[in-house]
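File shown: input-v7.cif. Contents: mmCIF, N, CA and C atoms.
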```cif
data_input
#
loop_
_atom_site.label_atom_id
_atom_site.label_comp_id
_atom_site.auth_asym_id
_atom_site.auth_seq_id
_atom_site.Cartn_x
_atom_site.Cartn_y
_atom_site.Cartn_z
N MET A 263 -6.78 -3.83 17.62
CA MET A 263 -5.97 -2.68 17.22
C MET A 263 -6.70 -1.94 16.10
N LYS A 264 -6.79 -0.64 16.21
CA LYS A 264 -7.44 0.18 15.20
C LYS A 264 -6.59 0.25 13.94
N ILE A 265 -7.26 0.44 12.82
CA ILE A 265 -6.56 0.50 11.54
C ILE A 265 -5.54 1.63 11.53
N LYS A 266 -5.90 2.80 12.05
CA LYS A 266 -4.95 3.94 12.03
C LYS A 266 -3.68 3.59 12.79
N LYS A 267 -3.80 2.87 13.90
CA LYS A 267 -2.62 2.48 14.66
C LYS A 267 -1.77 1.50 13.85
N LEU A 268 -2.43 0.55 13.17
CA LEU A 268 -1.71 -0.38 12.30
C LEU A 268 -1.01 0.36 11.17
N MET A 269 -1.69 1.33 10.59
CA MET A 269 -1.11 2.10 9.49
C MET A 269 0.14 2.83 9.95
N LYS A 270 0.05 3.48 11.12
CA LYS A 270 1.20 4.22 11.64
C LYS A 270 2.36 3.27 11.94
N GLU A 271 2.06 2.13 12.54
CA GLU A 271 3.10 1.16 12.87
C GLU A 271 3.76 0.62 11.61
N ALA A 272 2.94 0.27 10.61
CA ALA A 272 3.49 -0.25 9.34
C ALA A 272 4.36 0.79 8.67
N ASN A 273 3.91 2.05 8.69
CA ASN A 273 4.68 3.13 8.08
C ASN A 273 5.99 3.36 8.82
N ASN A 274 5.97 3.33 10.14
CA ASN A 274 7.20 3.50 10.93
C ASN A 274 8.21 2.39 10.64
N ILE A 275 7.74 1.16 10.58
CA ILE A 275 8.63 0.03 10.29
C ILE A 275 9.20 0.17 8.88
N SER A 276 8.34 0.55 7.94
CA SER A 276 8.79 0.75 6.56
C SER A 276 9.90 1.79 6.50
N ARG A 277 9.71 2.86 7.25
CA ARG A 277 10.71 3.93 7.31
C ARG A 277 12.00 3.41 7.94
N GLU A 278 11.89 2.68 9.05
CA GLU A 278 13.07 2.14 9.75
C GLU A 278 13.86 1.19 8.86
N LYS A 279 13.16 0.43 8.02
CA LYS A 279 13.82 -0.58 7.19
C LYS A 279 14.26 -0.06 5.83
N GLY A 280 14.13 1.26 5.63
CA GLY A 280 14.69 1.87 4.42
C GLY A 280 13.76 1.94 3.22
N PHE A 281 12.47 1.60 3.40
CA PHE A 281 11.56 1.62 2.26
C PHE A 281 11.07 3.02 1.90
N LEU A 282 11.39 4.01 2.72
CA LEU A 282 10.96 5.38 2.43
C LEU A 282 12.15 6.29 2.18
N GLU A 283 13.24 5.72 1.71
CA GLU A 283 14.44 6.51 1.46
C GLU A 283 14.23 7.59 0.42
N TYR A 284 13.21 7.42 -0.42
CA TYR A 284 12.96 8.43 -1.44
C TYR A 284 12.71 9.80 -0.81
N GLU A 285 12.14 9.82 0.41
CA GLU A 285 11.92 11.11 1.06
C GLU A 285 13.24 11.83 1.28
N ASN A 286 14.26 11.11 1.71
CA ASN A 286 15.58 11.70 1.91
C ASN A 286 16.20 12.13 0.58
N ILE A 287 16.05 11.27 -0.43
CA ILE A 287 16.61 11.56 -1.75
C ILE A 287 16.00 12.83 -2.31
N ILE A 288 14.69 12.92 -2.24
CA ILE A 288 14.00 14.10 -2.78
C ILE A 288 14.39 15.34 -1.98
N GLY A 289 14.49 15.20 -0.65
CA GLY A 289 14.91 16.32 0.19
C GLY A 289 16.28 16.84 -0.21
N LYS A 290 17.20 15.93 -0.46
CA LYS A 290 18.55 16.33 -0.88
C LYS A 290 18.52 16.99 -2.25
N MET A 291 17.70 16.45 -3.14
CA MET A 291 17.59 17.03 -4.48
C MET A 291 17.02 18.43 -4.40
N ILE A 292 16.02 18.63 -3.53
CA ILE A 292 15.41 19.95 -3.37
C ILE A 292 16.45 20.94 -2.84
N GLN A 293 17.22 20.51 -1.84
CA GLN A 293 18.23 21.40 -1.26
C GLN A 293 19.28 21.79 -2.29
N GLY A 294 19.63 20.86 -3.15
CA GLY A 294 20.62 21.15 -4.18
C GLY A 294 20.02 21.79 -5.42
N LYS A 295 18.72 21.92 -5.41
CA LYS A 295 17.99 22.51 -6.53
C LYS A 295 18.35 21.84 -7.85
N ILE A 296 18.46 20.53 -7.79
CA ILE A 296 18.82 19.76 -8.97
C ILE A 296 17.62 19.54 -9.89
N LEU A 297 16.44 19.34 -9.30
CA LEU A 297 15.26 19.00 -10.08
C LEU A 297 14.22 20.10 -10.07
N SER A 298 13.46 20.17 -11.15
CA SER A 298 12.30 21.07 -11.19
C SER A 298 11.17 20.44 -10.39
N SER A 299 10.14 21.21 -10.10
CA SER A 299 9.01 20.66 -9.33
C SER A 299 8.32 19.54 -10.12
N LYS A 300 8.28 19.67 -11.43
CA LYS A 300 7.69 18.60 -12.25
C LYS A 300 8.52 17.33 -12.15
N GLU A 301 9.83 17.48 -12.16
CA GLU A 301 10.71 16.31 -12.05
C GLU A 301 10.60 15.67 -10.67
N ILE A 302 10.48 16.48 -9.64
CA ILE A 302 10.31 15.94 -8.29
C ILE A 302 9.03 15.13 -8.21
N LEU A 303 7.96 15.65 -8.80
CA LEU A 303 6.69 14.92 -8.82
C LEU A 303 6.85 13.59 -9.54
N GLU A 304 7.59 13.58 -10.62
CA GLU A 304 7.83 12.34 -11.37
C GLU A 304 8.57 11.32 -10.51
N VAL A 305 9.56 11.77 -9.76
CA VAL A 305 10.30 10.87 -8.87
C VAL A 305 9.39 10.33 -7.79
N GLU A 306 8.59 11.20 -7.19
CA GLU A 306 7.65 10.76 -6.16
C GLU A 306 6.68 9.72 -6.70
N ARG A 307 6.17 9.96 -7.89
CA ARG A 307 5.22 9.02 -8.50
C ARG A 307 5.89 7.67 -8.78
N ALA A 308 7.15 7.70 -9.18
CA ALA A 308 7.87 6.44 -9.43
C ALA A 308 8.00 5.64 -8.13
N PHE A 309 8.31 6.33 -7.04
CA PHE A 309 8.42 5.64 -5.76
C PHE A 309 7.06 5.14 -5.28
N GLU A 310 6.00 5.89 -5.55
CA GLU A 310 4.66 5.42 -5.20
C GLU A 310 4.35 4.14 -5.97
N ALA A 311 4.68 4.13 -7.25
CA ALA A 311 4.43 2.95 -8.07
C ALA A 311 5.20 1.75 -7.53
N GLN A 312 6.42 2.00 -7.07
CA GLN A 312 7.21 0.92 -6.48
C GLN A 312 6.51 0.34 -5.25
N LYS A 313 5.98 1.21 -4.40
CA LYS A 313 5.27 0.75 -3.21
C LYS A 313 4.01 -0.04 -3.59
N ILE A 314 3.31 0.40 -4.62
CA ILE A 314 2.12 -0.32 -5.08
C ILE A 314 2.52 -1.70 -5.58
N MET A 315 3.62 -1.79 -6.30
CA MET A 315 4.06 -3.08 -6.81
C MET A 315 4.50 -4.01 -5.67
N LEU A 316 4.96 -3.46 -4.56
CA LEU A 316 5.27 -4.31 -3.41
C LEU A 316 4.00 -4.96 -2.87
N ILE A 317 2.87 -4.26 -2.95
CA ILE A 317 1.58 -4.84 -2.56
C ILE A 317 1.25 -6.00 -3.50
N VAL A 318 1.42 -5.76 -4.79
CA VAL A 318 1.15 -6.79 -5.79
C VAL A 318 2.05 -8.00 -5.57
N THR A 319 3.31 -7.75 -5.24
CA THR A 319 4.26 -8.84 -4.98
C THR A 319 3.79 -9.72 -3.83
N GLU A 320 3.31 -9.09 -2.76
CA GLU A 320 2.81 -9.87 -1.63
C GLU A 320 1.61 -10.72 -2.03
N LEU A 321 0.74 -10.18 -2.86
CA LEU A 321 -0.41 -10.96 -3.34
C LEU A 321 0.05 -12.12 -4.23
N SER A 322 1.10 -11.89 -5.02
CA SER A 322 1.66 -12.97 -5.84
C SER A 322 2.22 -14.08 -4.97
N GLU A 323 2.90 -13.68 -3.90
CA GLU A 323 3.44 -14.68 -2.97
C GLU A 323 2.30 -15.44 -2.29
N PHE A 324 1.21 -14.75 -2.00
CA PHE A 324 0.03 -15.40 -1.41
C PHE A 324 -0.52 -16.47 -2.36
N ILE A 325 -0.67 -16.13 -3.64
CA ILE A 325 -1.26 -17.09 -4.58
C ILE A 325 -0.32 -18.27 -4.81
N GLU A 326 0.98 -18.03 -4.75
CA GLU A 326 1.93 -19.14 -4.87
C GLU A 326 1.79 -20.09 -3.68
N ALA A 327 1.63 -19.55 -2.49
CA ALA A 327 1.41 -20.41 -1.31
C ALA A 327 0.08 -21.16 -1.44
N HIS A 328 -0.91 -20.51 -1.98
CA HIS A 328 -2.22 -21.14 -2.19
C HIS A 328 -2.11 -22.30 -3.16
N ARG A 329 -1.32 -22.13 -4.21
CA ARG A 329 -1.17 -23.16 -5.23
C ARG A 329 -0.61 -24.45 -4.66
N ILE A 330 0.22 -24.34 -3.62
CA ILE A 330 0.85 -25.55 -3.05
C ILE A 330 0.26 -25.91 -1.68
N ASP A 331 -0.90 -25.32 -1.38
CA ASP A 331 -1.60 -25.59 -0.12
C ASP A 331 -0.74 -25.33 1.12
N ASP A 332 0.07 -24.30 1.06
CA ASP A 332 0.90 -23.92 2.21
C ASP A 332 0.13 -22.86 3.01
N TYR A 333 -0.76 -23.35 3.88
CA TYR A 333 -1.67 -22.45 4.58
C TYR A 333 -0.96 -21.53 5.57
N GLU A 334 0.11 -22.00 6.18
CA GLU A 334 0.86 -21.14 7.09
C GLU A 334 1.46 -19.95 6.33
N ASN A 335 2.05 -20.22 5.18
CA ASN A 335 2.63 -19.15 4.37
C ASN A 335 1.54 -18.24 3.81
N MET A 336 0.38 -18.82 3.47
CA MET A 336 -0.73 -18.00 2.98
C MET A 336 -1.09 -16.94 4.02
N LYS A 337 -1.17 -17.36 5.28
CA LYS A 337 -1.52 -16.41 6.34
C LYS A 337 -0.48 -15.30 6.44
N GLU A 338 0.80 -15.68 6.35
CA GLU A 338 1.86 -14.68 6.41
C GLU A 338 1.79 -13.71 5.24
N GLU A 339 1.56 -14.24 4.05
CA GLU A 339 1.55 -13.38 2.86
C GLU A 339 0.35 -12.46 2.84
N ILE A 340 -0.81 -12.91 3.33
CA ILE A 340 -1.96 -12.01 3.37
C ILE A 340 -1.71 -10.94 4.43
N ALA A 341 -1.04 -11.32 5.53
CA ALA A 341 -0.67 -10.32 6.54
C ALA A 341 0.32 -9.31 5.94
N ASP A 342 1.29 -9.79 5.18
CA ASP A 342 2.24 -8.89 4.51
C ASP A 342 1.50 -7.92 3.59
N THR A 343 0.47 -8.42 2.89
CA THR A 343 -0.31 -7.57 2.00
C THR A 343 -0.99 -6.46 2.79
N PHE A 344 -1.61 -6.82 3.91
CA PHE A 344 -2.25 -5.81 4.75
C PHE A 344 -1.24 -4.80 5.28
N ILE A 345 -0.06 -5.28 5.66
CA ILE A 345 0.98 -4.39 6.16
C ILE A 345 1.39 -3.39 5.08
N ARG A 346 1.61 -3.88 3.87
CA ARG A 346 1.99 -2.99 2.76
C ARG A 346 0.88 -1.99 2.46
N LEU A 347 -0.39 -2.47 2.48
CA LEU A 347 -1.52 -1.57 2.25
C LEU A 347 -1.62 -0.52 3.35
N ALA A 348 -1.40 -0.95 4.59
CA ALA A 348 -1.45 -0.01 5.71
C ALA A 348 -0.36 1.05 5.58
N ASP A 349 0.83 0.62 5.19
CA ASP A 349 1.95 1.56 5.01
C ASP A 349 1.61 2.57 3.93
N PHE A 350 1.13 2.11 2.79
CA PHE A 350 0.77 3.00 1.69
C PHE A 350 -0.36 3.94 2.10
N SER A 351 -1.37 3.38 2.78
CA SER A 351 -2.52 4.17 3.19
C SER A 351 -2.15 5.25 4.20
N ALA A 352 -1.18 4.97 5.05
CA ALA A 352 -0.77 5.95 6.05
C ALA A 352 -0.35 7.26 5.40
N ILE A 353 0.21 7.19 4.22
CA ILE A 353 0.68 8.37 3.50
C ILE A 353 -0.39 8.91 2.55
N HIS A 354 -1.05 8.02 1.82
CA HIS A 354 -1.91 8.44 0.72
C HIS A 354 -3.40 8.45 1.02
N VAL A 355 -3.83 7.68 2.00
CA VAL A 355 -5.26 7.62 2.35
C VAL A 355 -5.40 7.56 3.86
N PRO A 356 -4.98 8.63 4.56
CA PRO A 356 -4.97 8.57 6.03
C PRO A 356 -6.34 8.34 6.66
N ASP A 357 -7.42 8.66 5.95
CA ASP A 357 -8.76 8.42 6.47
C ASP A 357 -9.35 7.13 5.91
N ILE A 358 -8.53 6.09 5.79
CA ILE A 358 -8.92 4.84 5.15
C ILE A 358 -10.16 4.22 5.78
N GLU A 359 -10.34 4.36 7.09
CA GLU A 359 -11.52 3.78 7.73
C GLU A 359 -12.79 4.38 7.15
N THR A 360 -12.81 5.68 6.93
CA THR A 360 -13.97 6.35 6.33
C THR A 360 -14.18 5.88 4.91
N VAL A 361 -13.09 5.76 4.16
CA VAL A 361 -13.18 5.32 2.76
C VAL A 361 -13.69 3.88 2.69
N ILE A 362 -13.21 3.02 3.57
CA ILE A 362 -13.68 1.62 3.59
C ILE A 362 -15.17 1.57 3.91
N ARG A 363 -15.59 2.32 4.92
CA ARG A 363 -17.01 2.34 5.30
C ARG A 363 -17.87 2.80 4.13
N LYS A 364 -17.47 3.87 3.43
CA LYS A 364 -18.22 4.37 2.28
C LYS A 364 -18.28 3.31 1.18
N LYS A 365 -17.16 2.62 0.96
CA LYS A 365 -17.12 1.59 -0.09
C LYS A 365 -18.00 0.40 0.27
N ILE A 366 -17.99 0.01 1.54
CA ILE A 366 -18.86 -1.09 1.97
C ILE A 366 -20.33 -0.71 1.76
N ASN A 367 -20.69 0.51 2.13
CA ASN A 367 -22.07 0.97 1.92
C ASN A 367 -22.42 1.02 0.44
N LYS A 368 -21.49 1.45 -0.39
CA LYS A 368 -21.72 1.48 -1.84
C LYS A 368 -21.91 0.06 -2.36
N ASN A 369 -21.04 -0.86 -1.93
CA ASN A 369 -21.15 -2.26 -2.40
C ASN A 369 -22.46 -2.90 -1.97
N ARG A 370 -22.96 -2.51 -0.79
CA ARG A 370 -24.22 -3.05 -0.29
C ARG A 370 -25.36 -2.72 -1.25
N GLN A 371 -25.27 -1.60 -1.94
CA GLN A 371 -26.32 -1.15 -2.86
C GLN A 371 -26.19 -1.72 -4.27
N ARG A 372 -25.08 -2.35 -4.56
CA ARG A 372 -24.83 -2.85 -5.91
C ARG A 372 -25.59 -4.15 -6.16
N SER A 373 -25.77 -4.45 -7.44
CA SER A 373 -26.47 -5.67 -7.82
C SER A 373 -25.58 -6.90 -7.61
N ARG A 374 -26.19 -8.06 -7.70
CA ARG A 374 -25.47 -9.31 -7.54
C ARG A 374 -24.29 -9.37 -8.50
N LYS A 375 -23.12 -9.69 -7.99
CA LYS A 375 -21.87 -9.75 -8.75
C LYS A 375 -21.65 -8.48 -9.56
N HIS A 376 -22.22 -7.41 -9.07
CA HIS A 376 -22.09 -6.09 -9.68
C HIS A 376 -22.56 -6.11 -11.14
N GLY A 377 -23.54 -6.96 -11.43
CA GLY A 377 -24.12 -7.02 -12.76
C GLY A 377 -23.32 -7.82 -13.78
N LYS A 378 -22.31 -8.53 -13.31
CA LYS A 378 -21.46 -9.31 -14.21
C LYS A 378 -21.66 -10.81 -13.97
N GLN A 379 -21.18 -11.64 -14.87
CA GLN A 379 -21.34 -13.09 -14.73
C GLN A 379 -20.48 -13.67 -13.63
N TYR A 380 -19.29 -13.15 -13.44
CA TYR A 380 -18.39 -13.66 -12.40
C TYR A 380 -17.45 -12.58 -11.95
#
```
In structure tokens, what does this structure look like?
Amino acid sequence: MKIKKLMKEANNISREKGFLEYENIIGKMIQGKILSSKEILEVERAFEAQKIMLIVTELSEFIEAHRIDDYENMKEEIADTFIRLADFSAIHVPDIETVIRKKINKNRQRSRKHGKQY
């Protein structure tokens, strides 16, 4: 399955399960002219931060599974992390495959451990 297809699927599921309700909230606020454009941007940024923290949460759950050698749960949590990243990328980095390729090429040119001890 291509990354773009995964991203679209993750985003659709996120929307179906209510994780993108901020779009409706902001739409209603715009219609009622309750917020200024600066305030709308602030709300959008807060919801973006929430989505980023959901990625962090999945990684935390992964490390907890790792700590107790729960390899089945580790696989699920790393999959959840990819799903959250795909969902976020579908909105904010739709050309993620290009960005990943560029980053891999950049990393290939970097020094061992990127010049650090660890």
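The spacing separating CA of Glu334 in chain A from CA of Arg363 in chain A amounts to 29.6 Å.
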Legend entry - Picked from chain A by DSSP as alpha helix (DSSP H), as a ChimeraX atom specification: /A:265-278,283-294,299-329,333-354,358-371
Applied to this file, what does the PyMOL selection byres (((chain A and resi 298-315 and name CA) around 9) and name CA) return in terms of residues, put as a CSV table (one decimal) with N, CA and C atoms, in the coordinates of the input?
```
chain,number,residue,atom,x,y,z
A,281,PHE,N,12.5,1.6,3.4
A,281,PHE,CA,11.6,1.6,2.3
A,281,PHE,C,11.1,3.0,1.9
A,282,LEU,N,11.4,4.0,2.7
A,282,LEU,CA,11.0,5.4,2.4
A,282,LEU,C,12.2,6.3,2.2
A,284,TYR,N,13.2,7.4,-0.4
A,284,TYR,CA,13.0,8.4,-1.4
A,284,TYR,C,12.7,9.8,-0.8
A,285,GLU,N,12.1,9.8,0.4
A,285,GLU,CA,11.9,11.1,1.1
A,285,GLU,C,13.2,11.8,1.3
A,288,ILE,N,14.7,12.9,-2.2
A,288,ILE,CA,14.0,14.1,-2.8
A,288,ILE,C,14.4,15.3,-2.0
A,291,MET,N,17.7,16.4,-3.1
A,291,MET,CA,17.6,17.0,-4.5
A,291,MET,C,17.0,18.4,-4.4
A,292,ILE,N,16.0,18.6,-3.5
A,292,ILE,CA,15.4,20.0,-3.4
A,292,ILE,C,16.4,20.9,-2.8
A,295,LYS,N,18.7,21.9,-5.4
A,295,LYS,CA,18.0,22.5,-6.5
A,295,LYS,C,18.4,21.8,-7.8
A,296,ILE,N,18.5,20.5,-7.8
A,296,ILE,CA,18.8,19.8,-9.0
A,296,ILE,C,17.6,19.5,-9.9
A,297,LEU,N,16.4,19.3,-9.3
A,297,LEU,CA,15.3,19.0,-10.1
A,297,LEU,C,14.2,20.1,-10.1
A,316,LEU,N,5.0,-3.5,-4.6
A,316,LEU,CA,5.3,-4.3,-3.4
A,316,LEU,C,4.0,-5.0,-2.9
A,317,ILE,N,2.9,-4.3,-3.0
A,317,ILE,CA,1.6,-4.8,-2.6
A,317,ILE,C,1.2,-6.0,-3.5
A,318,VAL,N,1.4,-5.8,-4.8
A,318,VAL,CA,1.2,-6.8,-5.8
A,318,VAL,C,2.0,-8.0,-5.6
A,319,THR,N,3.3,-7.8,-5.2
A,319,THR,CA,4.3,-8.8,-5.0
A,319,THR,C,3.8,-9.7,-3.8
A,320,GLU,N,3.3,-9.1,-2.8
A,320,GLU,CA,2.8,-9.9,-1.6
A,320,GLU,C,1.6,-10.7,-2.0
A,346,ARG,N,1.6,-3.9,3.9
A,346,ARG,CA,2.0,-3.0,2.8
A,346,ARG,C,0.9,-2.0,2.5
A,347,LEU,N,-0.4,-2.5,2.5
A,347,LEU,CA,-1.5,-1.6,2.2
A,347,LEU,C,-1.6,-0.5,3.4
A,349,ASP,N,0.8,0.6,5.2
A,349,ASP,CA,2.0,1.6,5.0
A,349,ASP,C,1.6,2.6,3.9
A,350,PHE,N,1.1,2.1,2.8
A,350,PHE,CA,0.8,3.0,1.7
A,350,PHE,C,-0.4,3.9,2.1
```
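Atom to atom, CA of Ala341 in chain A and CA of Glu278 in chain A stand 18.8 Å apart.
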Legend entry - Nearest-residue call for Thr343 in chain A, choices A:Ile287, A:Glu271, A:His376, A:Leu321, using all atoms listed in the file: A:Leu321
Legend entry - Distance query Asn273 in chain A at most 6.5 Å, only N, CA and C atoms, self and fewer than 3 positions along chain excluded, as a ChimeraX atom specification: /A:268-270,276-278,348-350,352
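The space separating CA of Ser322 in chain A from CA of Glu339 in chain A comes to 8.7 Å.
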Legend entry - Minimum-distance residue to Ile340 in chain A, chosen among A:Arg374, A:Lys267, A:Ile353, A:Glu323 (using only N, CA and C atoms): A:Glu323
